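> Handing you this structure, nothing more for now.
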Amino acid sequence: MAQPRSSNPRRPAAPTTMSGAAIILKALQDQGVEVVFGYPGGAVLPIYDELFKTNAVRHILVRHEQAAVHAAEGYARSTGKVGVVLVTSGPGATNAVTGLTDALMDSIPIVCLTGQVPTHLIGNDAFQEADTTGITRPCTKHNYLVREPGQLARVMHEAFYVASHGRPGPVVIDLPKDILFADCPYIEASEVETKSYRPQVKGDTTAIERAVELIAKAKRPIFYGGGGLINAGPKASKLFTEFVHKTGYPATLTLMGLGAIPATDDRFLGMLGMHGTYEANWAMHECDVMVCIGARFDDRVTGRLSDFSPNAKKIHVDIDASSINKNVPVDIPIVGDAGVVLEQMLAVWKAKGYQADQAALSKWWKRIEGWRSRKCLAYRPSPDVILPQHAIRRLYEKTRGMDCYITTEVGQHQMWAAQYFGFDEPNRWMTSGGLGTMGYGFPAAMGVQIAHPEALVIDIAGEASFLMNIQELSTMKQYDLPVKAFIINNQWMGMVRQWQELIHGGRYSESYSAALPDFVKVAEAFGGVGLRATKMSELDDVIDEMIATPRTVVADILVKQDENCFPMIPSGAAHHEMLLGPEDQAERRTSEEGMVLV
Amino acid sequence: MKPSEMPIERHTIAVLVANEPGVLARVIGLFSGRGYNIESLTVSEVDEVNARSRITIVTSGTPMVIEQIKAQLFRLVPVYDVHDLTQEGPHLSRELALVKVRNVGDHRIEALRIADTFRARAIDSTLESFVFELTGGTEKLDAFIDLMAALGEVEVSRTGVVAIARGADLQMPLVRRKVVRRKPRPPAAAD
Ligand SMILES: Cc1cc2nc3c(=O)[nH]c(=O)nc-3n(C[C@H](O)[C@H](O)[C@H](O)COP(=O)(O)OP(=O)(O)OC[C@H]3O[C@@H](n4cnc5c(N)ncnc54)[C@H](O)[C@@H]3O)c2cc1C
Ligand SMILES: Cc1ncc(C[n+]2csc(CCOP(=O)(O)OP(=O)(O)O)c2C)c(N)n1
Ligand SMILES: [Mg+2]
């Protein structure tokens with residue numbers, strides 16, 4: 001093709017060219033990126049040089065690349081924006097893999113820039129070479145290896161489009177070092193059009209009409225909402241709550257959906273699933289119409305599939321067609337964005353003047369109140385030893401009304417946080433649901449704090465999980481981040497211990513948290529504040545002091561060691577076979593089929 | 001019916017993808033990572049102007065799994081379109097095989113006769129061997145190879161299945177800007 005001649009004034013000017021590294025920073029700026037979480041190395045030095053020269057975006061220097069991705073996840077989940085990560089080739093990229101997988105499983109939009117050896121060395125086992133696109137192909141939504149300077153700007157913009165449209169997810173851009181030095185043309189985001197990936201946002205109208213009619217005629221309905229409501233933006237949560245109120249139907253949420261309807265709403269039955277409430281799980285089991293919005297019928301939610309909600313007609317709204325009919329066949333599939341489809345549904349509900357069947361509904365609520373009256377989350381605080389449930393309940397009570405964000409690690413404390421901390425808004429709750437990554441919560445809290453510098457950000461942690469990314473205390477110090485680690489220290493890998501108790505005859509193989517450090521001293525050594533509560537009389541004071549301290553705090557809460565997390569649907573069991581407490585567990589044995597499940 | 005009790009079906013799926021590095025690895029990785037079957041997979045660029053390749057996959061699974069496969073393929077970023085030829089109506093499937101037979105001894109004539117019935121062409125021959133070229137449906141190729149294997153030693157190279165719907169509809173047409181027809185140039189003189 002002929003090159004445009006500059007002498008011809010009617011032709012557009014030739015695109016401006018810049019070094020690859022400059023293109024990257026310009027694209028980040030044009031995409032509205034304010035902060036990048038990263039760690040330098042040889043392959044990305046030109047980008048770091050550009051950061052140094054231009055100061056165009058803020059860079060947060062983490063202490064481990066896994067933490068960079070989790071921080072970006074916390075940033076993304078609490079703001080609705082794309083989280084951005086920058087790591088070097090080889091070990092930088094491989095360290096990021098856990099974070100990328102976590103973001104893929106939980107549908108978090110991330111753009112991760114990885115360094116790569118120069119194009120002419122790719123495939124030569126060069127120093128710090130790893131097949132990053134090969135390694136990350138199954139753990140990203142999409143990835144790119146930029147081989148031509150001409151592609152760089154387009155790939156940068158497209159990556160943001162892909163990460164944030166449709167079902168969000170992580171995107172990797174692998175950047176050979178020669179590309180970072182090469183002269184590359186810049187093109188604007190508006191000039192980049194992705195022709196192949198065009199997710200459907202609006203739901204099919206006839207399917208929606210059928211769905212709303214089914215909803216209106218239901219006798220024992222339930223709304224089952226999930227993380228897709230959070231992905232769809234705060235408006236979707238508002239519309240969800242509005243639909244629940246318009247109909248007067250009960251609603252339950254997955255772990256990932258918490259906050260989509262206020263925890264304090266009396267239509268809310270609590271979380272469902274393996275550690276969900278008695279009333280939520282029974283209502284799911286007994287319902288005649290299930291309205292699933294932005295949830296994916298995960299095994300932690302359904303329990304034994306053959307007995308999952310056997311008599312319900314099911315409606316499933318999801319932006320990703322592959323989530324529909326994957327585990328559970330549904331009657332009315334609707335592909336679309338949760339917020340948009342809810343708006344369509346509400347419009348139909350109003351236009352047709354539908355009314356809920358009040359007689360049936362009040363009968364249904366009576367049954368639900370019966371299940372509710374079991375008070376499955378009740379516990380009896382002991383006067384002396386701190387119960388983990390109580391520690392979290394007190395934390396919740398003492399932070400109510402505050403501008404507060406919660407992250408968690410993985411284990412019993414995570415489930416107790418989901419059960420005993422109430423969320424009244426979306427984007428306030430960050431947890432690793434799909435991958436269940438210990439070590440997620442502390443760096444995620446860091447990302448949340450960067451996005452919300454004035455807010456109170458607390459990582460509800462387990463002592464074992466906290467050790468997995470404890471080095472981030474150093475990052476916290478460097479940026480004066482007042483993140484709180486609230487460690488529910490039971491001195492066990494409690495969730496593992498619980499499973500060993502329930503299905504391995506109490507043989508506690510390697511699940512004791514031996515040789516724990518003194519967390520108070522650790523906090524101090526890193527320049528933070530350490531607090532400890534060992535008995536009930538100290539709990540409230542420690543929580544108060546933690547909240548009042550405008551610095552990084554590690555609060556080591558020593559709790560009852562052998563407390564188990566209930567209710568629980570043992571693996572391989574169904575919703576109506578829930579264990580409510582220790583009294584139940586002796587009677588029921590886990591089936592052989594259940595033993596092999598995770 | 002429980003999903004596990006559903007019948008297993010075989011489907012031929014055509015996928016239009018961007019012809020870019022890694023796209024085949026993405027598709028194959030999807031199948032192996034999620035435990036889907038691949039009975040045959042073929043790929044070739046079909047549209048050089050727009051850099052598009054067409055992948056034809058023959059796979060089997062329960063109806064729910066087949067639906068999953070299509071949805072999973074469709075959400076890959078470089079995928080433009082997915083068509084389930086088996087579901088969408090009558091379609092044509094063809095494979096090409098090159099079959100080398102050796103040491104058929106007294107059965108040389110027999111081999112040629114069989115080849116003739118199957119409309120296979122001998123495209124290479126020595127005193128002790130033939131190479132046959134054969135196109136057709138998978139079953140036809142299987143049958144031919146079985147017969148040849150009964151006569152002598154056999155080596156086989158097959159392309160795997162390519163497929164297209166019957167009828168006048170274009171499911172995944174080539175995207176071409178209308179070219180202004182120029183007068184045909186006189187053929188260049190042979191040198
Ligand atoms: C120790 C442990 C115990 C657990 N126990 C439980 C438990 O008891 N209960 C529980 O619920 N979970 C539990 N989980 C979490 C569980 O593993 C899953 O992560 C979770 O249930 C999935 O939530 P979800 O269905 O809301 O889907 P998500 O993973 O949040 O997926 C979101 C879905 O919404 C879709 N979506 C995305 N964006 C949109 C949009 N804009 N519009 C519409 N749809 C969209 C996606 O395609 C996807 O299908 C546990 C995890 C751990 C680690
Ligand atoms: C990276 C990683 N490794 C292993 C596991 C398996 N696992 C799940 S919970 C758990 C124990 C967590 O212990 P702790 O952080 O103390 O939390 P607790 O259950 O005691 O509240 C383990 C080992 C995991 N989820 N993540
Ligand atoms: Mg523990």
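Every chain in the structure tokens takes a letter, A first, then B, and so on in the order presented; its residues are numbered from 1, and the ligands are numbered from 1 following the presented order.
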Tell me which protein, DNA and RNA residues are within 9 Å of Gln72 (chain B), counting only C-alpha atoms, leaving out same-chain ones fewer than 4 positions away, and put them as a compact mmCIF listing (two decimals) with N, CA, C and O atoms, in the first residue's frame.

# COMPACT_ATOMS: atom_id res chain seq x y z
N ALA A 321 -23.06 -17.24 27.75
CA ALA A 321 -23.92 -18.38 27.41
C ALA A 321 -23.35 -19.69 27.94
O ALA A 321 -24.09 -20.63 28.21
N SER A 322 -22.03 -19.75 28.13
CA SER A 322 -21.44 -21.02 28.58
C SER A 322 -21.71 -21.27 30.07
O SER A 322 -21.46 -22.36 30.56
N LEU B 30 -8.91 -25.69 24.90
CA LEU B 30 -10.28 -25.70 25.42
C LEU B 30 -10.81 -27.12 25.51
O LEU B 30 -11.38 -27.54 26.51
N GLU B 67 -23.80 -28.38 23.66
CA GLU B 67 -24.15 -26.97 23.82
C GLU B 67 -23.01 -26.21 24.51
O GLU B 67 -22.68 -25.09 24.15
N GLN B 68 -22.44 -26.81 25.55
CA GLN B 68 -21.30 -26.22 26.25
C GLN B 68 -20.15 -25.95 25.30
O GLN B 68 -19.55 -24.89 25.31
N LEU B 76 -14.49 -17.51 22.93
CA LEU B 76 -13.08 -17.23 22.67
C LEU B 76 -12.99 -15.93 21.87
O LEU B 76 -13.75 -15.73 20.92
> Set the cut-off to 7 Å, count only C-alpha atoms and all ligand atoms, and list whatever residues fall near ligand 3 as a list in words.
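Listed by chain and ascending number, the contacts are Gly462, Glu463, Ala464, Ile488, Asn489, Asn490, Gln491, Trp492, Met493 and Gly494 of chain A.
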> If you keep N, CA and C atoms, can you produce a file of those selected residues as a short mmCIF file (atom, residue, chain, number, x, y, z; two decimals), in the first residue's frame?

data_model
loop_
_atom_site.label_atom_id
_atom_site.label_comp_id
_atom_site.auth_asym_id
_atom_site.auth_seq_id
_atom_site.Cartn_x
_atom_site.Cartn_y
_atom_site.Cartn_z
N GLY A 462 -7.18 -15.64 58.21
CA GLY A 462 -6.81 -16.78 59.05
C GLY A 462 -5.31 -16.70 59.22
N GLU A 463 -4.81 -17.27 60.31
CA GLU A 463 -3.38 -17.12 60.57
C GLU A 463 -2.54 -17.83 59.51
N ALA A 464 -3.04 -18.95 58.99
CA ALA A 464 -2.27 -19.67 57.96
C ALA A 464 -2.27 -18.90 56.64
N ILE A 488 -8.28 -14.06 62.53
CA ILE A 488 -9.03 -15.01 63.35
C ILE A 488 -8.07 -16.18 63.57
N ASN A 489 -7.30 -16.08 64.65
CA ASN A 489 -6.21 -17.03 64.86
C ASN A 489 -6.68 -18.21 65.70
N ASN A 490 -6.97 -19.31 64.99
CA ASN A 490 -7.38 -20.54 65.70
C ASN A 490 -6.22 -21.54 65.76
N GLN A 491 -5.07 -21.09 65.30
CA GLN A 491 -3.86 -21.90 65.31
C GLN A 491 -3.98 -23.21 64.54
N TRP A 492 -4.95 -23.26 63.67
CA TRP A 492 -5.14 -24.41 62.79
C TRP A 492 -5.48 -23.91 61.41
N MET A 493 -5.18 -24.75 60.43
CA MET A 493 -5.80 -24.54 59.13
C MET A 493 -7.22 -25.07 59.33
N GLY A 494 -8.03 -24.19 59.89
CA GLY A 494 -9.31 -24.62 60.45
C GLY A 494 -10.19 -25.36 59.47
#
> If you count only C-alpha atoms, which residues fall within 10 Å of Ala260 (chain A), apart from same-chain ones fewer than 6 positions away, as a list in words?
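The neighbour list is Gly225, Gly226, Gly227, Gly228, Leu229, Ile230, Gly233, Pro234, Lys235, Ala236, Ser237, Lys238, Leu239, Phe240, Thr241, Thr252, Leu253, Thr254, Phe423, Asp424, Glu425, Pro426, Asn427 and Arg428 of chain A.
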> If we count only C-alpha atoms and set the cut-off at 12 Å, which residues sit around Ile109 (chain B), ignoring sequence neighbours fewer than 6 positions away in its own chain? Please answer as a PDB file with all heavy atoms, in the first residue's frame.

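File produced: selection-v9.pdb:
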ATOM      1  N   ALA B 115      -9.810 -50.214  -5.554  1.00  0.00           N
ATOM      2  CA  ALA B 115      -9.606 -48.767  -5.687  1.00  0.00           C
ATOM      3  C   ALA B 115     -10.591 -48.195  -6.694  1.00  0.00           C
ATOM      4  O   ALA B 115     -11.182 -47.133  -6.479  1.00  0.00           O
ATOM      5  CB  ALA B 115      -8.174 -48.481  -6.104  1.00  0.00           C
ATOM      6  N   ASP B 116     -10.806 -48.922  -7.742  1.00  0.00           N
ATOM      7  CA  ASP B 116     -11.716 -48.477  -8.775  1.00  0.00           C
ATOM      8  C   ASP B 116     -13.139 -48.337  -8.234  1.00  0.00           C
ATOM      9  O   ASP B 116     -13.818 -47.343  -8.461  1.00  0.00           O
ATOM     10  CB  ASP B 116     -11.665 -49.486  -9.927  1.00  0.00           C
ATOM     11  CG  ASP B 116     -12.125 -48.854 -11.223  1.00  0.00           C
ATOM     12  OD1 ASP B 116     -11.790 -47.655 -11.416  1.00  0.00           O
ATOM     13  OD2 ASP B 116     -12.835 -49.524 -11.991  1.00  0.00           O
ATOM     14  N   SER B 129       4.337 -51.485  -4.666  1.00  0.00           N
ATOM     15  CA  SER B 129       3.443 -50.623  -3.873  1.00  0.00           C
ATOM     16  C   SER B 129       2.573 -49.724  -4.736  1.00  0.00           C
ATOM     17  O   SER B 129       2.815 -49.549  -5.936  1.00  0.00           O
ATOM     18  CB  SER B 129       4.278 -49.756  -2.942  1.00  0.00           C
ATOM     19  OG  SER B 129       4.985 -48.794  -3.724  1.00  0.00           O
ATOM     20  N   PHE B 130       1.538 -49.184  -4.096  1.00  0.00           N
ATOM     21  CA  PHE B 130       0.714 -48.122  -4.676  1.00  0.00           C
ATOM     22  C   PHE B 130       0.519 -47.038  -3.631  1.00  0.00           C
ATOM     23  O   PHE B 130       0.507 -47.329  -2.438  1.00  0.00           O
ATOM     24  CB  PHE B 130      -0.710 -48.623  -5.010  1.00  0.00           C
ATOM     25  CG  PHE B 130      -0.770 -49.624  -6.092  1.00  0.00           C
ATOM     26  CD1 PHE B 130      -1.092 -50.940  -5.781  1.00  0.00           C
ATOM     27  CD2 PHE B 130      -0.564 -49.253  -7.423  1.00  0.00           C
ATOM     28  CE1 PHE B 130      -1.187 -51.882  -6.787  1.00  0.00           C
ATOM     29  CE2 PHE B 130      -0.658 -50.199  -8.425  1.00  0.00           C
ATOM     30  CZ  PHE B 130      -0.968 -51.520  -8.113  1.00  0.00           C
ATOM     31  N   LEU B 151      -5.100 -56.732   2.381  1.00  0.00           N
ATOM     32  CA  LEU B 151      -4.297 -57.212   1.254  1.00  0.00           C
ATOM     33  C   LEU B 151      -2.797 -57.104   1.494  1.00  0.00           C
ATOM     34  O   LEU B 151      -2.024 -57.864   0.936  1.00  0.00           O
ATOM     35  CB  LEU B 151      -4.656 -56.416  -0.016  1.00  0.00           C
ATOM     36  CG  LEU B 151      -6.095 -56.494  -0.503  1.00  0.00           C
ATOM     37  CD1 LEU B 151      -6.254 -55.716  -1.812  1.00  0.00           C
ATOM     38  CD2 LEU B 151      -6.517 -57.954  -0.717  1.00  0.00           C
TER      39      LEU B 151
END
> What's the 6 Å shell around region 137-152 of chain A, counting only C-alpha atoms, without same-chain residues fewer than 3 positions away, as a list of chain:residue names?
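The neighbour list is A:Thr101, A:Leu104, A:Thr133, A:Gly134, A:Val155, A:Gly169, A:Pro170, A:Val171, A:Val172, A:Ile173, A:Asp174, A:Leu175, A:Ile179, A:Cys184.
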> Return as an mmCIF file with N, CA and C atoms, in the first residue's frame the residues belonging to chain B that are within 12 Å of chain A, counting only C-alpha atoms.

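See iface26.cif below for the written result:
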data_model
loop_
_atom_site.group_PDB
_atom_site.id
_atom_site.type_symbol
_atom_site.label_atom_id
_atom_site.label_comp_id
_atom_site.auth_asym_id
_atom_site.auth_seq_id
_atom_site.Cartn_x
_atom_site.Cartn_y
_atom_site.Cartn_z
ATOM 1 N N MET B 1 -34.589 -36.463 32.945
ATOM 2 C CA MET B 1 -33.405 -37.303 32.705
ATOM 3 C C MET B 1 -32.160 -36.640 33.299
ATOM 4 N N LYS B 2 -31.375 -37.436 33.983
ATOM 5 C CA LYS B 2 -30.117 -36.896 34.520
ATOM 6 C C LYS B 2 -29.145 -36.623 33.366
ATOM 7 N N PRO B 3 -28.341 -35.581 33.487
ATOM 8 C CA PRO B 3 -27.389 -35.279 32.410
ATOM 9 C C PRO B 3 -26.527 -36.482 32.043
ATOM 10 N N SER B 4 -26.168 -37.282 33.049
ATOM 11 C CA SER B 4 -25.265 -38.401 32.772
ATOM 12 C C SER B 4 -25.961 -39.521 31.996
ATOM 13 N N GLU B 5 -27.313 -39.470 31.984
ATOM 14 C CA GLU B 5 -28.031 -40.537 31.276
ATOM 15 C C GLU B 5 -28.398 -40.131 29.856
ATOM 16 N N VAL B 15 -16.123 -23.572 12.745
ATOM 17 C CA VAL B 15 -15.785 -22.379 13.517
ATOM 18 C C VAL B 15 -14.958 -21.449 12.644
ATOM 19 N N LEU B 16 -15.398 -20.198 12.564
ATOM 20 C CA LEU B 16 -14.624 -19.209 11.815
ATOM 21 C C LEU B 16 -13.800 -18.404 12.813
ATOM 22 N N VAL B 17 -12.486 -18.412 12.623
ATOM 23 C CA VAL B 17 -11.595 -17.758 13.596
ATOM 24 C C VAL B 17 -10.654 -16.790 12.892
ATOM 25 N N ALA B 18 -10.101 -15.880 13.682
ATOM 26 C CA ALA B 18 -9.038 -15.036 13.162
ATOM 27 C C ALA B 18 -7.814 -15.910 12.957
ATOM 28 N N ASN B 19 -7.168 -15.765 11.809
ATOM 29 C CA ASN B 19 -5.956 -16.547 11.573
ATOM 30 C C ASN B 19 -4.785 -15.836 12.232
ATOM 31 N N GLU B 20 -4.607 -16.100 13.524
ATOM 32 C CA GLU B 20 -3.523 -15.458 14.267
ATOM 33 C C GLU B 20 -2.805 -16.506 15.093
ATOM 34 N N PRO B 21 -1.557 -16.236 15.508
ATOM 35 C CA PRO B 21 -0.818 -17.252 16.254
ATOM 36 C C PRO B 21 -1.562 -17.621 17.524
ATOM 37 N N GLY B 22 -1.558 -18.882 17.846
ATOM 38 C CA GLY B 22 -2.143 -19.310 19.110
ATOM 39 C C GLY B 22 -3.610 -19.670 19.040
ATOM 40 N N VAL B 23 -4.266 -19.370 17.935
ATOM 41 C CA VAL B 23 -5.711 -19.589 17.936
ATOM 42 C C VAL B 23 -6.045 -21.082 17.978
ATOM 43 N N LEU B 24 -5.239 -21.878 17.274
ATOM 44 C CA LEU B 24 -5.487 -23.317 17.281
ATOM 45 C C LEU B 24 -5.196 -23.892 18.668
ATOM 46 N N ALA B 25 -4.127 -23.391 19.293
ATOM 47 C CA ALA B 25 -3.805 -23.834 20.649
ATOM 48 C C ALA B 25 -4.954 -23.510 21.602
ATOM 49 N N ARG B 26 -5.588 -22.378 21.397
ATOM 50 C CA ARG B 26 -6.721 -21.996 22.240
ATOM 51 C C ARG B 26 -7.867 -22.997 22.107
ATOM 52 N N VAL B 27 -8.146 -23.350 20.858
ATOM 53 C CA VAL B 27 -9.267 -24.269 20.622
ATOM 54 C C VAL B 27 -8.935 -25.654 21.166
ATOM 55 N N ILE B 28 -7.743 -26.121 20.869
ATOM 56 C CA ILE B 28 -7.360 -27.456 21.340
ATOM 57 C C ILE B 28 -7.259 -27.465 22.863
ATOM 58 N N GLY B 29 -6.691 -26.402 23.429
ATOM 59 C CA GLY B 29 -6.582 -26.306 24.885
ATOM 60 C C GLY B 29 -7.948 -26.311 25.547
ATOM 61 N N LEU B 30 -8.911 -25.689 24.903
ATOM 62 C CA LEU B 30 -10.279 -25.695 25.421
ATOM 63 C C LEU B 30 -10.814 -27.124 25.506
ATOM 64 N N PHE B 31 -10.586 -27.893 24.447
ATOM 65 C CA PHE B 31 -11.091 -29.267 24.426
ATOM 66 C C PHE B 31 -10.373 -30.136 25.453
ATOM 67 N N SER B 32 -9.038 -30.028 25.508
ATOM 68 C CA SER B 32 -8.331 -30.905 26.454
ATOM 69 C C SER B 32 -8.568 -30.436 27.884
ATOM 70 N N GLY B 33 -8.560 -29.118 28.111
ATOM 71 C CA GLY B 33 -8.724 -28.606 29.464
ATOM 72 C C GLY B 33 -10.080 -28.932 30.053
ATOM 73 N N ARG B 34 -11.106 -29.013 29.223
ATOM 74 C CA ARG B 34 -12.439 -29.265 29.732
ATOM 75 C C ARG B 34 -12.899 -30.697 29.490
ATOM 76 N N ASN B 50 -8.936 -11.199 4.820
ATOM 77 C CA ASN B 50 -9.337 -10.829 6.176
ATOM 78 C C ASN B 50 -8.694 -11.703 7.241
ATOM 79 N N ARG B 52 -8.853 -15.028 7.935
ATOM 80 C CA ARG B 52 -9.772 -15.895 8.678
ATOM 81 C C ARG B 52 -9.508 -17.348 8.323
ATOM 82 N N THR B 62 -22.951 -35.582 25.280
ATOM 83 C CA THR B 62 -24.392 -35.454 25.512
ATOM 84 C C THR B 62 -24.839 -34.113 24.936
ATOM 85 N N PRO B 63 -26.133 -33.950 24.698
ATOM 86 C CA PRO B 63 -26.604 -32.671 24.158
ATOM 87 C C PRO B 63 -26.150 -31.492 25.013
ATOM 88 N N MET B 64 -26.121 -31.657 26.334
ATOM 89 C CA MET B 64 -25.687 -30.564 27.207
ATOM 90 C C MET B 64 -24.210 -30.230 26.980
ATOM 91 N N VAL B 65 -23.399 -31.271 26.787
ATOM 92 C CA VAL B 65 -21.974 -31.044 26.545
ATOM 93 C C VAL B 65 -21.763 -30.377 25.187
ATOM 94 N N ILE B 66 -22.518 -30.814 24.189
ATOM 95 C CA ILE B 66 -22.392 -30.200 22.857
ATOM 96 C C ILE B 66 -22.736 -28.714 22.935
ATOM 97 N N GLU B 67 -23.796 -28.385 23.656
ATOM 98 C CA GLU B 67 -24.154 -26.974 23.823
ATOM 99 C C GLU B 67 -23.014 -26.211 24.509
ATOM 100 N N GLN B 68 -22.438 -26.814 25.551
ATOM 101 C CA GLN B 68 -21.305 -26.217 26.250
ATOM 102 C C GLN B 68 -20.152 -25.949 25.300
ATOM 103 N N ILE B 69 -19.839 -26.945 24.477
ATOM 104 C CA ILE B 69 -18.702 -26.814 23.561
ATOM 105 C C ILE B 69 -18.908 -25.609 22.662
ATOM 106 N N LYS B 70 -20.122 -25.481 22.144
ATOM 107 C CA LYS B 70 -20.385 -24.356 21.232
ATOM 108 C C LYS B 70 -20.284 -23.025 21.968
ATOM 109 N N ALA B 71 -20.854 -22.978 23.182
ATOM 110 C CA ALA B 71 -20.810 -21.729 23.950
ATOM 111 C C ALA B 71 -19.374 -21.389 24.333
ATOM 112 N N GLN B 72 -18.613 -22.405 24.697
ATOM 113 C CA GLN B 72 -17.215 -22.170 25.076
ATOM 114 C C GLN B 72 -16.408 -21.688 23.873
ATOM 115 N N LEU B 73 -16.663 -22.286 22.705
ATOM 116 C CA LEU B 73 -15.952 -21.843 21.511
ATOM 117 C C LEU B 73 -16.315 -20.412 21.188
ATOM 118 N N PHE B 74 -17.592 -20.102 21.300
ATOM 119 C CA PHE B 74 -18.059 -18.798 20.857
ATOM 120 C C PHE B 74 -17.497 -17.675 21.717
ATOM 121 N N ARG B 75 -17.166 -18.001 22.974
ATOM 122 C CA ARG B 75 -16.681 -16.901 23.817
ATOM 123 C C ARG B 75 -15.171 -16.688 23.717
ATOM 124 N N LEU B 76 -14.492 -17.513 22.929
ATOM 125 C CA LEU B 76 -13.077 -17.233 22.671
ATOM 126 C C LEU B 76 -12.991 -15.933 21.872
ATOM 127 N N VAL B 77 -12.079 -15.089 22.242
ATOM 128 C CA VAL B 77 -12.029 -13.754 21.637
ATOM 129 C C VAL B 77 -11.807 -13.805 20.118
ATOM 130 N N PRO B 78 -10.887 -14.638 19.588
ATOM 131 C CA PRO B 78 -10.691 -14.604 18.134
ATOM 132 C C PRO B 78 -11.714 -15.413 17.338
ATOM 133 N N VAL B 79 -12.804 -15.826 17.943
ATOM 134 C CA VAL B 79 -13.814 -16.589 17.209
ATOM 135 C C VAL B 79 -14.896 -15.645 16.678
ATOM 136 N N TYR B 80 -15.142 -15.735 15.372
ATOM 137 C CA TYR B 80 -16.185 -14.900 14.773
ATOM 138 C C TYR B 80 -17.536 -15.587 14.794
ATOM 139 N N ASP B 81 -17.534 -16.882 14.527
ATOM 140 C CA ASP B 81 -18.817 -17.535 14.357
ATOM 141 C C ASP B 81 -18.675 -19.040 14.600
ATOM 142 N N VAL B 82 -19.754 -19.628 15.074
ATOM 143 C CA VAL B 82 -19.768 -21.066 15.332
ATOM 144 C C VAL B 82 -21.047 -21.636 14.725
#
> One number please: atom 45 (C, counted along the ligand's line) of ligand 1 to CA of Ser107 (chain A), in Å, one decimal.
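These atoms are spaced 8.6 Å apart.
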> Write down as a VMD selection string the residues belonging to region 20-102 of chain B that are assigned strand (DSSP E) by DSSP computed on the backbone.
chain B and resid 40 to 47 52 to 61 79 to 84 91 to 102
> Produce as a ChimeraX atom specification the set of residues near ligand 1, where near means within 7 Å with only C-alpha atoms and all ligand atoms considered.
/A:105-107,166-168,225-229,231-232,253-257,271-276,293-298,300-301,317-320,323,336-339,410-412,415,432-436
